[in-house]
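Quick look at input-v1.pdb (PDB, C-alpha atoms, pLDDT in the B column):
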MODEL        1
ATOM      1  CA  ASN F   1     -13.540   9.896 -23.369  1.00 60.00           C
ATOM      2  CA  ALA F   2     -10.202  10.366 -21.599  1.00 72.00           C
ATOM      3  CA  GLY F   3     -11.517  10.939 -18.048  1.00 93.00           C
ATOM      4  CA  VAL F   4      -8.675  12.242 -15.883  1.00 96.00           C
ATOM      5  CA  THR F   5      -5.269  12.726 -17.483  1.00 96.00           C
ATOM      6  CA  GLN F   6      -2.091  13.364 -15.507  1.00 97.00           C
ATOM      7  CA  THR F   7       1.221  14.576 -16.855  1.00 97.00           C
ATOM      8  CA  PRO F   8       4.015  13.683 -16.534  1.00 96.00           C
ATOM      9  CA  LYS F   9       3.832   9.978 -15.670  1.00 96.00           C
ATOM     10  CA  PHE F  10       7.344   9.822 -14.201  1.00 96.00           C
ATOM     11  CA  ARG F  11       9.786  12.422 -12.974  1.00 96.00           C
ATOM     12  CA  VAL F  12      13.064  12.502 -11.071  1.00 97.00           C
ATOM     13  CA  LEU F  13      13.930  15.734  -9.278  1.00 97.00           C
ATOM     14  CA  LYS F  14      16.938  16.879  -7.331  1.00 97.00           C
ATOM     15  CA  THR F  15      16.386  18.249  -3.844  1.00 97.00           C
ATOM     16  CA  GLY F  16      15.433  21.913  -4.048  1.00 97.00           C
ATOM     17  CA  GLN F  17      14.143  21.817  -7.615  1.00 97.00           C
ATOM     18  CA  SER F  18      10.607  22.832  -8.462  1.00 96.00           C
ATOM     19  CA  MET F  19       8.012  21.289 -10.709  1.00 96.00           C
ATOM     20  CA  THR F  20       4.333  21.344 -11.587  1.00 97.00           C
ATOM     21  CA  LEU F  21       2.089  18.340 -12.045  1.00 97.00           C
ATOM     22  CA  LEU F  22      -0.827  18.837 -14.394  1.00 97.00           C
ATOM     23  CA  CYS F  23      -4.261  17.233 -14.085  1.00 98.00           C
ATOM     24  CA  ALA F  24      -6.955  17.601 -16.727  1.00 97.00           C
ATOM     25  CA  GLN F  25     -10.493  16.201 -16.698  1.00 97.00           C
ATOM     26  CA  ASP F  26     -13.067  16.203 -19.474  1.00 95.00           C
ATOM     27  CA  MET F  27     -16.159  15.200 -17.454  1.00 92.00           C
ATOM     28  CA  ASN F  28     -17.159  18.719 -16.405  1.00 91.00           C
ATOM     29  CA  HIS F  29     -16.694  17.743 -12.759  1.00 90.00           C
ATOM     30  CA  GLU F  30     -16.812  20.502 -10.191  1.00 89.00           C
ATOM     31  CA  TYR F  31     -14.542  18.887  -7.610  1.00 90.00           C
ATOM     32  CA  MET F  32     -10.897  17.972  -8.087  1.00 93.00           C
ATOM     33  CA  TYR F  33      -8.357  16.497  -5.692  1.00 94.00           C
ATOM     34  CA  TRP F  34      -4.675  15.751  -5.345  1.00 97.00           C
ATOM     35  CA  TYR F  35      -3.637  12.681  -3.347  1.00 96.00           C
ATOM     36  CA  ARG F  36      -0.314  11.100  -2.569  1.00 96.00           C
ATOM     37  CA  GLN F  37       0.063   7.360  -2.180  1.00 94.00           C
ATOM     38  CA  ASP F  38       2.791   5.888  -0.020  1.00 92.00           C
ATOM     39  CA  PRO F  39       3.310   2.228   0.992  1.00 85.00           C
ATOM     40  CA  GLY F  40       1.209   1.319   4.012  1.00 81.00           C
ATOM     41  CA  MET F  41      -0.341   4.799   4.171  1.00 84.00           C
ATOM     42  CA  GLY F  42      -3.170   4.525   1.683  1.00 87.00           C
ATOM     43  CA  LEU F  43      -4.123   7.696  -0.146  1.00 92.00           C
ATOM     44  CA  ARG F  44      -3.759  10.997   1.660  1.00 93.00           C
ATOM     45  CA  LEU F  45      -5.399  14.194   0.483  1.00 93.00           C
ATOM     46  CA  ILE F  46      -3.007  17.045  -0.265  1.00 96.00           C
ATOM     47  CA  HIS F  47      -5.292  19.789  -1.607  1.00 95.00           C
ATOM     48  CA  TYR F  48      -8.672  19.947  -3.247  1.00 93.00           C
ATOM     49  CA  SER F  49     -10.891  22.324  -5.181  1.00 93.00           C
ATOM     50  CA  VAL F  50     -14.663  22.683  -5.110  1.00 89.00           C
ATOM     51  CA  GLY F  51     -14.804  24.769  -8.267  1.00 90.00           C
ATOM     52  CA  GLU F  52     -12.931  26.996 -10.667  1.00 93.00           C
ATOM     53  CA  GLY F  53     -10.833  29.555  -8.810  1.00 94.00           C
ATOM     54  CA  THR F  54     -11.100  27.803  -5.433  1.00 93.00           C
ATOM     55  CA  THR F  55      -8.613  25.667  -3.528  1.00 95.00           C
ATOM     56  CA  ALA F  56      -8.410  24.269  -0.008  1.00 93.00           C
ATOM     57  CA  LYS F  57      -5.962  22.334   2.133  1.00 93.00           C
ATOM     58  CA  GLY F  58      -6.323  18.653   2.734  1.00 92.00           C
ATOM     59  CA  GLU F  59      -4.631  16.323   5.183  1.00 90.00           C
ATOM     60  CA  VAL F  60      -0.988  16.806   4.117  1.00 95.00           C
ATOM     61  CA  PRO F  61      -0.677  20.210   2.369  1.00 96.00           C
ATOM     62  CA  ASP F  62       2.775  21.343   3.563  1.00 96.00           C
ATOM     63  CA  GLY F  63       5.310  21.813   0.769  1.00 96.00           C
ATOM     64  CA  TYR F  64       2.672  21.906  -1.980  1.00 97.00           C
ATOM     65  CA  ASN F  65       0.659  24.591  -3.715  1.00 97.00           C
ATOM     66  CA  VAL F  66      -2.243  24.267  -6.129  1.00 97.00           C
ATOM     67  CA  SER F  67      -4.163  26.333  -8.624  1.00 97.00           C
ATOM     68  CA  ARG F  68      -7.419  25.892 -10.495  1.00 97.00           C
ATOM     69  CA  LEU F  69      -7.630  28.665 -13.037  1.00 95.00           C
ATOM     70  CA  LYS F  70      -9.825  26.619 -15.384  1.00 96.00           C
ATOM     71  CA  LYS F  71     -12.538  24.176 -14.384  1.00 95.00           C
ATOM     72  CA  GLN F  72     -10.949  21.300 -16.259  1.00 97.00           C
ATOM     73  CA  ASN F  73      -7.415  21.752 -14.901  1.00 97.00           C
ATOM     74  CA  PHE F  74      -5.913  21.343 -11.449  1.00 98.00           C
ATOM     75  CA  LEU F  75      -2.184  21.993 -10.997  1.00 98.00           C
ATOM     76  CA  LEU F  76      -0.015  20.756  -8.141  1.00 98.00           C
ATOM     77  CA  GLY F  77       3.242  22.597  -7.532  1.00 97.00           C
ATOM     78  CA  LEU F  78       6.333  21.706  -5.551  1.00 96.00           C
ATOM     79  CA  GLU F  79       8.384  24.862  -4.992  1.00 92.00           C
ATOM     80  CA  SER F  80      11.409  23.211  -3.374  1.00 96.00           C
ATOM     81  CA  ALA F  81      11.302  19.436  -3.617  1.00 96.00           C
ATOM     82  CA  ALA F  82      12.411  17.291  -0.676  1.00 97.00           C
ATOM     83  CA  PRO F  83      13.128  13.540  -0.519  1.00 97.00           C
ATOM     84  CA  SER F  84      10.048  13.163   1.718  1.00 96.00           C
ATOM     85  CA  GLN F  85       7.959  14.125  -1.287  1.00 97.00           C
ATOM     86  CA  THR F  86       8.992  11.000  -3.153  1.00 97.00           C
ATOM     87  CA  SER F  87       5.634   9.364  -3.801  1.00 97.00           C
ATOM     88  CA  VAL F  88       3.018   8.478  -6.365  1.00 96.00           C
ATOM     89  CA  TYR F  89       0.635  11.375  -6.919  1.00 97.00           C
ATOM     90  CA  PHE F  90      -2.936  10.877  -8.024  1.00 96.00           C
ATOM     91  CA  CYS F  91      -5.399  13.421  -9.260  1.00 97.00           C
ATOM     92  CA  ALA F  92      -9.122  12.724  -8.991  1.00 94.00           C
ATOM     93  CA  SER F  93     -12.371  14.441  -9.848  1.00 92.00           C
ATOM     94  CA  SER F  94     -15.988  14.075  -8.802  1.00 88.00           C
ATOM     95  CA  GLU F  95     -19.412  15.604  -9.239  1.00 83.00           C
ATOM     96  CA  GLY F  96     -20.924  17.987  -6.715  1.00 67.00           C
ATOM     97  CA  PRO F  97     -21.314  17.414  -2.981  1.00 59.00           C
ATOM     98  CA  GLY F  98     -24.007  15.810  -0.928  1.00 51.00           C
ATOM     99  CA  GLN F  99     -24.745  12.877  -3.204  1.00 53.00           C
ATOM    100  CA  PHE F 100     -24.491   9.202  -2.440  1.00 54.00           C
ATOM    101  CA  ASP F 101     -23.309   6.580  -4.864  1.00 51.00           C
ATOM    102  CA  TYR F 102     -20.944   8.808  -6.726  1.00 63.00           C
ATOM    103  CA  GLY F 103     -17.327   7.907  -7.059  1.00 76.00           C
ATOM    104  CA  TYR F 104     -14.082   9.623  -7.620  1.00 87.00           C
ATOM    105  CA  THR F 105     -12.469   9.202 -11.049  1.00 90.00           C
ATOM    106  CA  PHE F 106      -8.718   8.902 -10.680  1.00 93.00           C
ATOM    107  CA  GLY F 107      -5.931   9.543 -13.114  1.00 96.00           C
ATOM    108  CA  SER F 108      -3.202   6.957 -13.669  1.00 95.00           C
ATOM    109  CA  GLY F 109      -0.720   8.696 -11.410  1.00 96.00           C
ATOM    110  CA  THR F 110       2.641  10.448 -11.481  1.00 97.00           C
ATOM    111  CA  ARG F 111       5.590   8.654  -9.929  1.00 96.00           C
ATOM    112  CA  LEU F 112       7.932  11.276  -8.484  1.00 97.00           C
ATOM    113  CA  THR F 113      11.357  10.558  -7.070  1.00 97.00           C
ATOM    114  CA  VAL F 114      13.321  13.274  -5.282  1.00 97.00           C
ATOM    115  CA  VAL F 115      17.023  12.531  -4.890  1.00 97.00           C
TER     116      VAL F 115
ATOM    117  CA  GLN U   1      -4.343   9.595  12.846  1.00 52.00           C
ATOM    118  CA  GLN U   2      -5.832   6.859  10.725  1.00 59.00           C
ATOM    119  CA  GLN U   3      -9.603   7.076  10.807  1.00 88.00           C
ATOM    120  CA  VAL U   4     -10.160   3.928   8.737  1.00 94.00           C
ATOM    121  CA  LYS U   5      -8.160   0.847   9.705  1.00 95.00           C
ATOM    122  CA  GLN U   6      -7.789  -1.857   7.066  1.00 96.00           C
ATOM    123  CA  SER U   7      -6.494  -5.417   7.345  1.00 96.00           C
ATOM    124  CA  PRO U   8      -4.730  -7.490   6.257  1.00 96.00           C
ATOM    125  CA  GLN U   9      -1.953  -5.609   4.521  1.00 94.00           C
ATOM    126  CA  SER U  10      -1.518  -8.455   2.027  1.00 96.00           C
ATOM    127  CA  LEU U  11      -3.403 -11.602   1.157  1.00 97.00           C
ATOM    128  CA  ILE U  12      -2.676 -14.631  -1.016  1.00 98.00           C
ATOM    129  CA  VAL U  13      -5.437 -17.042  -2.017  1.00 97.00           C
ATOM    130  CA  GLN U  14      -5.862 -19.810  -4.523  1.00 97.00           C
ATOM    131  CA  LYS U  15      -8.154 -19.422  -7.502  1.00 97.00           C
ATOM    132  CA  GLY U  16     -11.737 -20.045  -6.406  1.00 97.00           C
ATOM    133  CA  GLY U  17     -11.051 -19.000  -2.812  1.00 97.00           C
ATOM    134  CA  ILE U  18     -12.931 -16.252  -0.980  1.00 97.00           C
ATOM    135  CA  PRO U  19     -10.592 -13.501   0.191  1.00 98.00           C
ATOM    136  CA  ILE U  20     -11.992 -11.255   2.906  1.00 98.00           C
ATOM    137  CA  ILE U  21     -10.714  -7.755   3.592  1.00 98.00           C
ATOM    138  CA  ASN U  22     -11.779  -5.974   6.761  1.00 98.00           C
ATOM    139  CA  CYS U  23     -12.112  -2.330   7.688  1.00 97.00           C
ATOM    140  CA  ALA U  24     -13.059  -0.529  10.876  1.00 97.00           C
ATOM    141  CA  TYR U  25     -13.875   3.088  11.603  1.00 96.00           C
ATOM    142  CA  GLU U  26     -14.485   5.273  14.639  1.00 93.00           C
ATOM    143  CA  ASN U  27     -16.168   8.409  13.340  1.00 91.00           C
ATOM    144  CA  THR U  28     -19.945   7.920  13.384  1.00 91.00           C
ATOM    145  CA  ALA U  29     -20.316  10.823  10.958  1.00 90.00           C
ATOM    146  CA  PHE U  30     -19.236   8.530   8.116  1.00 91.00           C
ATOM    147  CA  ASP U  31     -22.315   7.652   6.056  1.00 88.00           C
ATOM    148  CA  TYR U  32     -21.070   6.087   2.840  1.00 90.00           C
ATOM    149  CA  PHE U  33     -18.513   3.316   2.446  1.00 93.00           C
ATOM    150  CA  PRO U  34     -16.967   2.651  -0.977  1.00 93.00           C
ATOM    151  CA  TRP U  35     -14.312   0.176  -2.000  1.00 95.00           C
ATOM    152  CA  TYR U  36     -11.717   0.951  -4.644  1.00 95.00           C
ATOM    153  CA  GLN U  37      -9.700  -1.466  -6.753  1.00 97.00           C
ATOM    154  CA  GLN U  38      -6.266  -0.520  -8.063  1.00 96.00           C
ATOM    155  CA  PHE U  39      -4.236  -2.431 -10.631  1.00 96.00           C
ATOM    156  CA  PRO U  40      -0.467  -1.843 -10.917  1.00 92.00           C
ATOM    157  CA  GLY U  41       0.334   1.369 -12.731  1.00 90.00           C
ATOM    158  CA  LYS U  42      -3.267   2.554 -12.642  1.00 92.00           C
ATOM    159  CA  GLY U  43      -5.322   4.816 -10.459  1.00 93.00           C
ATOM    160  CA  PRO U  44      -7.923   3.427  -8.045  1.00 94.00           C
ATOM    161  CA  ALA U  45     -11.370   2.764  -9.492  1.00 93.00           C
ATOM    162  CA  LEU U  46     -14.678   2.539  -7.650  1.00 91.00           C
ATOM    163  CA  LEU U  47     -15.638  -1.108  -7.223  1.00 94.00           C
ATOM    164  CA  ILE U  48     -18.696  -1.218  -4.962  1.00 93.00           C
ATOM    165  CA  ALA U  49     -20.185   0.926  -2.205  1.00 92.00           C
ATOM    166  CA  ILE U  50     -22.671   0.631   0.648  1.00 92.00           C
ATOM    167  CA  ARG U  51     -24.730   2.950   2.803  1.00 89.00           C
ATOM    168  CA  PRO U  52     -25.112   2.133   6.528  1.00 87.00           C
ATOM    169  CA  ASP U  53     -28.868   1.539   6.286  1.00 89.00           C
ATOM    170  CA  VAL U  54     -28.230  -1.885   4.724  1.00 91.00           C
ATOM    171  CA  SER U  55     -26.162  -4.799   6.059  1.00 94.00           C
ATOM    172  CA  GLU U  56     -25.060  -6.310   2.773  1.00 96.00           C
ATOM    173  CA  LYS U  57     -24.633  -5.381  -0.862  1.00 95.00           C
ATOM    174  CA  LYS U  58     -23.719  -7.682  -3.734  1.00 96.00           C
ATOM    175  CA  GLU U  59     -22.465  -6.789  -7.188  1.00 95.00           C
ATOM    176  CA  GLY U  60     -21.435  -9.813  -9.179  1.00 96.00           C
ATOM    177  CA  ARG U  61     -18.759 -11.696  -7.250  1.00 97.00           C
ATOM    178  CA  PHE U  62     -18.129  -8.798  -4.858  1.00 97.00           C
ATOM    179  CA  THR U  63     -20.035  -8.446  -1.581  1.00 97.00           C
ATOM    180  CA  ILE U  64     -19.820  -5.820   1.136  1.00 96.00           C
ATOM    181  CA  SER U  65     -20.929  -6.797   4.625  1.00 96.00           C
ATOM    182  CA  PHE U  66     -21.638  -3.930   6.995  1.00 96.00           C
ATOM    183  CA  ASN U  67     -21.983  -4.020  10.790  1.00 95.00           C
ATOM    184  CA  LYS U  68     -23.094  -0.594  11.959  1.00 93.00           C
ATOM    185  CA  SER U  69     -23.016  -1.353  15.686  1.00 93.00           C
ATOM    186  CA  ALA U  70     -19.468  -2.673  15.494  1.00 95.00           C
ATOM    187  CA  LYS U  71     -18.420   0.066  13.041  1.00 95.00           C
ATOM    188  CA  GLN U  72     -16.904  -2.520  10.755  1.00 96.00           C
ATOM    189  CA  PHE U  73     -17.312  -3.467   7.118  1.00 97.00           C
ATOM    190  CA  SER U  74     -15.703  -6.039   4.893  1.00 98.00           C
ATOM    191  CA  LEU U  75     -15.266  -7.003   1.249  1.00 98.00           C
ATOM    192  CA  HIS U  76     -15.712 -10.602   0.135  1.00 98.00           C
ATOM    193  CA  ILE U  77     -14.697 -11.790  -3.320  1.00 98.00           C
ATOM    194  CA  MET U  78     -16.495 -14.971  -4.335  1.00 97.00           C
ATOM    195  CA  ASP U  79     -14.826 -17.473  -6.680  1.00 97.00           C
ATOM    196  CA  SER U  80     -11.716 -15.282  -6.876  1.00 97.00           C
ATOM    197  CA  GLN U  81      -9.788 -15.231 -10.148  1.00 97.00           C
ATOM    198  CA  PRO U  82      -6.184 -14.325 -11.010  1.00 97.00           C
ATOM    199  CA  GLY U  83      -7.592 -11.200 -12.700  1.00 97.00           C
ATOM    200  CA  ASP U  84      -8.776 -10.012  -9.274  1.00 98.00           C
ATOM    201  CA  SER U  85      -5.154  -9.603  -8.191  1.00 98.00           C
ATOM    202  CA  ALA U  86      -4.920  -5.937  -7.257  1.00 97.00           C
ATOM    203  CA  THR U  87      -4.727  -3.596  -4.304  1.00 96.00           C
ATOM    204  CA  TYR U  88      -8.046  -2.920  -2.613  1.00 97.00           C
ATOM    205  CA  PHE U  89      -8.800   0.191  -0.580  1.00 95.00           C
ATOM    206  CA  CYS U  90     -11.765   0.655   1.691  1.00 96.00           C
ATOM    207  CA  ALA U  91     -12.929   4.195   2.288  1.00 93.00           C
ATOM    208  CA  ALA U  92     -15.407   6.104   4.378  1.00 92.00           C
ATOM    209  CA  SER U  93     -17.171   9.271   3.400  1.00 88.00           C
ATOM    210  CA  ARG U  94     -18.829  12.103   5.317  1.00 85.00           C
ATOM    211  CA  MET U  95     -19.961  15.639   4.717  1.00 79.00           C
ATOM    212  CA  ASP U  96     -17.305  18.152   5.764  1.00 76.00           C
ATOM    213  CA  THR U  97     -17.661  21.910   5.315  1.00 73.00           C
ATOM    214  CA  GLY U  98     -19.950  21.609   2.318  1.00 69.00           C
ATOM    215  CA  ARG U  99     -18.150  18.838   0.537  1.00 72.00           C
ATOM    216  CA  ARG U 100     -18.150  15.053   0.716  1.00 73.00           C
ATOM    217  CA  ALA U 101     -14.798  14.064   2.243  1.00 81.00           C
ATOM    218  CA  LEU U 102     -13.340  10.619   1.566  1.00 86.00           C
ATOM    219  CA  THR U 103     -10.928   8.887   3.960  1.00 90.00           C
ATOM    220  CA  PHE U 104      -9.055   5.840   2.675  1.00 92.00           C
ATOM    221  CA  GLY U 105      -7.763   2.783   4.467  1.00 93.00           C
ATOM    222  CA  SER U 106      -4.143   1.759   4.024  1.00 93.00           C
ATOM    223  CA  GLY U 107      -4.858  -0.843   1.317  1.00 94.00           C
ATOM    224  CA  THR U 108      -4.673  -4.627   0.912  1.00 96.00           C
ATOM    225  CA  ARG U 109      -2.573  -6.217  -1.779  1.00 96.00           C
ATOM    226  CA  LEU U 110      -4.412  -9.316  -3.006  1.00 98.00           C
ATOM    227  CA  GLN U 111      -2.754 -12.034  -5.032  1.00 98.00           C
ATOM    228  CA  VAL U 112      -4.909 -14.802  -6.480  1.00 97.00           C
ATOM    229  CA  GLN U 113      -2.792 -17.739  -7.553  1.00 97.00           C
ATOM    230  CA  PRO U 114      -3.864 -19.894 -10.527  1.00 94.00           C
TER     231      PRO U 114
ENDMDL
END
When written as structure tokens, how does the structure in this file appear?
Amino acid sequence: NAGVTQTPKFRVLKTGQSMTLLCAQDMNHEYMYWYRQDPGMGLRLIHYSVGEGTTAKGEVPDGYNVSRLKKQNFLLGLESAAPSQTSVYFCASSEGPGQFDYGYTFGSGTRLTVV
Amino acid sequence: QQQVKQSPQSLIVQKGGIPIINCAYENTAFDYFPWYQQFPGKGPALLIAIRPDVSEKKEGRFTISFNKSAKQFSLHIMDSQPGDSATYFCAASRMDTGRRALTFGSGTRLQVQP
């Protein structure tokens, strides 16, 4: 059981380039999330999805776009990368809303450097 | 605006010591408080969680203490081991527009020395 798989694991981009980060989960979870992790900032929510075909903005959505065409996949796109987007990106998934004692399952992360 | 404040930023203890990590929140709408553990190169993983109707929860060597009136909660690791060396994140959860929203603290890097 793979859980949440992120690809790629590492990437170096030049300023202005575009790329897509892929997240796949095999737990049939409804909810999926994209976070970025920066030193001293914890994890900040970029975008999330409450089901196939839906997306919504999180805390820091500017410069990113997402799509959830299939329930198991959640894509994060950078159309024109900037050095400020250098970060470690984590995808997570969870079961439906309104329940206690459920946790998020995180992927192992994508380390992105924009030069 | 950081809704969950976590301290300290880093912590070094000797094996067998009891590291304590503290978190504070302001929003009284939070109603579920999980802790996540993250090892280098890995994603965070749920460690233990507490609801505000109890003051303490223990799971193995990990204990959460919760003070609802002070809006504070803390993680204690009993008999800490070098394998506990990791970054720990507290979090607070609330319902927000039909979904359960999770807000993370800034993290504490724990090093347990042999």
Hits from the ChimeraX specification (/F :<8) & /U, listed as a ChimeraX atom specification: /U:9,32,41-46,49,89,95,98-100,103-107
Could you list the residues chosen by the PyMOL selection byres ((chain U and resi 51) around 12) in this structure as a PDB file with C-alpha atoms, keeping the file's coordinate frame?
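Contents of the output file part-v5.pdb:
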ATOM      1  CA  GLN F  99     -24.745  12.877  -3.204  1.00 53.00           C
ATOM      2  CA  PHE F 100     -24.491   9.202  -2.440  1.00 54.00           C
ATOM      3  CA  ASP F 101     -23.309   6.580  -4.864  1.00 51.00           C
ATOM      4  CA  TYR F 102     -20.944   8.808  -6.726  1.00 63.00           C
TER       5      TYR F 102
ATOM      6  CA  PHE U  30     -19.236   8.530   8.116  1.00 91.00           C
ATOM      7  CA  ASP U  31     -22.315   7.652   6.056  1.00 88.00           C
ATOM      8  CA  TYR U  32     -21.070   6.087   2.840  1.00 90.00           C
ATOM      9  CA  PHE U  33     -18.513   3.316   2.446  1.00 93.00           C
ATOM     10  CA  PRO U  34     -16.967   2.651  -0.977  1.00 93.00           C
ATOM     11  CA  TRP U  35     -14.312   0.176  -2.000  1.00 95.00           C
ATOM     12  CA  ILE U  48     -18.696  -1.218  -4.962  1.00 93.00           C
ATOM     13  CA  ALA U  49     -20.185   0.926  -2.205  1.00 92.00           C
ATOM     14  CA  ILE U  50     -22.671   0.631   0.648  1.00 92.00           C
ATOM     15  CA  PRO U  52     -25.112   2.133   6.528  1.00 87.00           C
ATOM     16  CA  ASP U  53     -28.868   1.539   6.286  1.00 89.00           C
ATOM     17  CA  VAL U  54     -28.230  -1.885   4.724  1.00 91.00           C
ATOM     18  CA  SER U  55     -26.162  -4.799   6.059  1.00 94.00           C
ATOM     19  CA  GLU U  56     -25.060  -6.310   2.773  1.00 96.00           C
ATOM     20  CA  LYS U  57     -24.633  -5.381  -0.862  1.00 95.00           C
ATOM     21  CA  ILE U  64     -19.820  -5.820   1.136  1.00 96.00           C
ATOM     22  CA  SER U  65     -20.929  -6.797   4.625  1.00 96.00           C
ATOM     23  CA  PHE U  66     -21.638  -3.930   6.995  1.00 96.00           C
ATOM     24  CA  ASN U  67     -21.983  -4.020  10.790  1.00 95.00           C
ATOM     25  CA  LYS U  68     -23.094  -0.594  11.959  1.00 93.00           C
ATOM     26  CA  PHE U  73     -17.312  -3.467   7.118  1.00 97.00           C
ATOM     27  CA  ALA U  91     -12.929   4.195   2.288  1.00 93.00           C
ATOM     28  CA  ALA U  92     -15.407   6.104   4.378  1.00 92.00           C
ATOM     29  CA  SER U  93     -17.171   9.271   3.400  1.00 88.00           C
ATOM     30  CA  ARG U  94     -18.829  12.103   5.317  1.00 85.00           C
TER      31      ARG U  94
END
May I have the protein, DNA and RNA residues with an atom at most 7 Å from (-7.6, -3.7, -4.3), counting all atoms listed in the file in the file's coordinates, returned as a short mmCIF file (atom, residue, chain, number, x, y, z; two decimals) with C-alpha atoms, keeping the file's coordinate frame?
data_model
loop_
_atom_site.label_atom_id
_atom_site.label_comp_id
_atom_site.auth_asym_id
_atom_site.auth_seq_id
_atom_site.Cartn_x
_atom_site.Cartn_y
_atom_site.Cartn_z
CA TYR U 36 -11.72 0.95 -4.64
CA GLN U 37 -9.70 -1.47 -6.75
CA GLN U 38 -6.27 -0.52 -8.06
CA ALA U 86 -4.92 -5.94 -7.26
CA THR U 87 -4.73 -3.60 -4.30
CA TYR U 88 -8.05 -2.92 -2.61
CA PHE U 89 -8.80 0.19 -0.58
CA GLY U 107 -4.86 -0.84 1.32
CA THR U 108 -4.67 -4.63 0.91
CA ARG U 109 -2.57 -6.22 -1.78
CA LEU U 110 -4.41 -9.32 -3.01
#
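The spacing separating CA of Ala24 in chain F from CA of Val115 in chain F amounts to 27.2 Å.
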Which one of U:Gln6, U:Thr97, U:Gln111, U:Gln72 sits closest to Asn27 in chain U if you count only C-alpha atoms? U:Gln72
Give, as JSON, the centre coordinates and the x, y and z edge lengths in Å to one decimal for an axis-aligned box around all listed atoms of range 48-57 of chain U, padded by 4 Å on each side.
{"center_x": -23.8, "center_y": -1.7, "center_z": 0.8, "size_x": 18.2, "size_y": 17.3, "size_z": 19.5}
Report, in Å to a single decimal, how far apart CA of Asp62 in chain F and CA of Ser18 in chain F are.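 Atom-to-atom, CA of Ser18 in chain F and CA of Asp62 in chain F are spaced 14.4 Å apart.
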Please expand the PyMOL selection byres ((chain F and resi 63) around 10) into the concrete residues it hits in this file, giving the result as a ChimeraX atom specification. /F:46,60-62,64-65,77-82,84-85
Mind writing the picked residues with C-alpha atoms as a compact mmCIF listing (two decimals), in the coordinates of the input?
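Final file, result.txt:
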# COMPACT_ATOMS: atom_id res chain seq x y z
CA ILE F 46 -3.01 17.05 -0.26
CA VAL F 60 -0.99 16.81 4.12
CA PRO F 61 -0.68 20.21 2.37
CA ASP F 62 2.78 21.34 3.56
CA TYR F 64 2.67 21.91 -1.98
CA ASN F 65 0.66 24.59 -3.72
CA GLY F 77 3.24 22.60 -7.53
CA LEU F 78 6.33 21.71 -5.55
CA GLU F 79 8.38 24.86 -4.99
CA SER F 80 11.41 23.21 -3.37
CA ALA F 81 11.30 19.44 -3.62
CA ALA F 82 12.41 17.29 -0.68
CA SER F 84 10.05 13.16 1.72
CA GLN F 85 7.96 14.12 -1.29
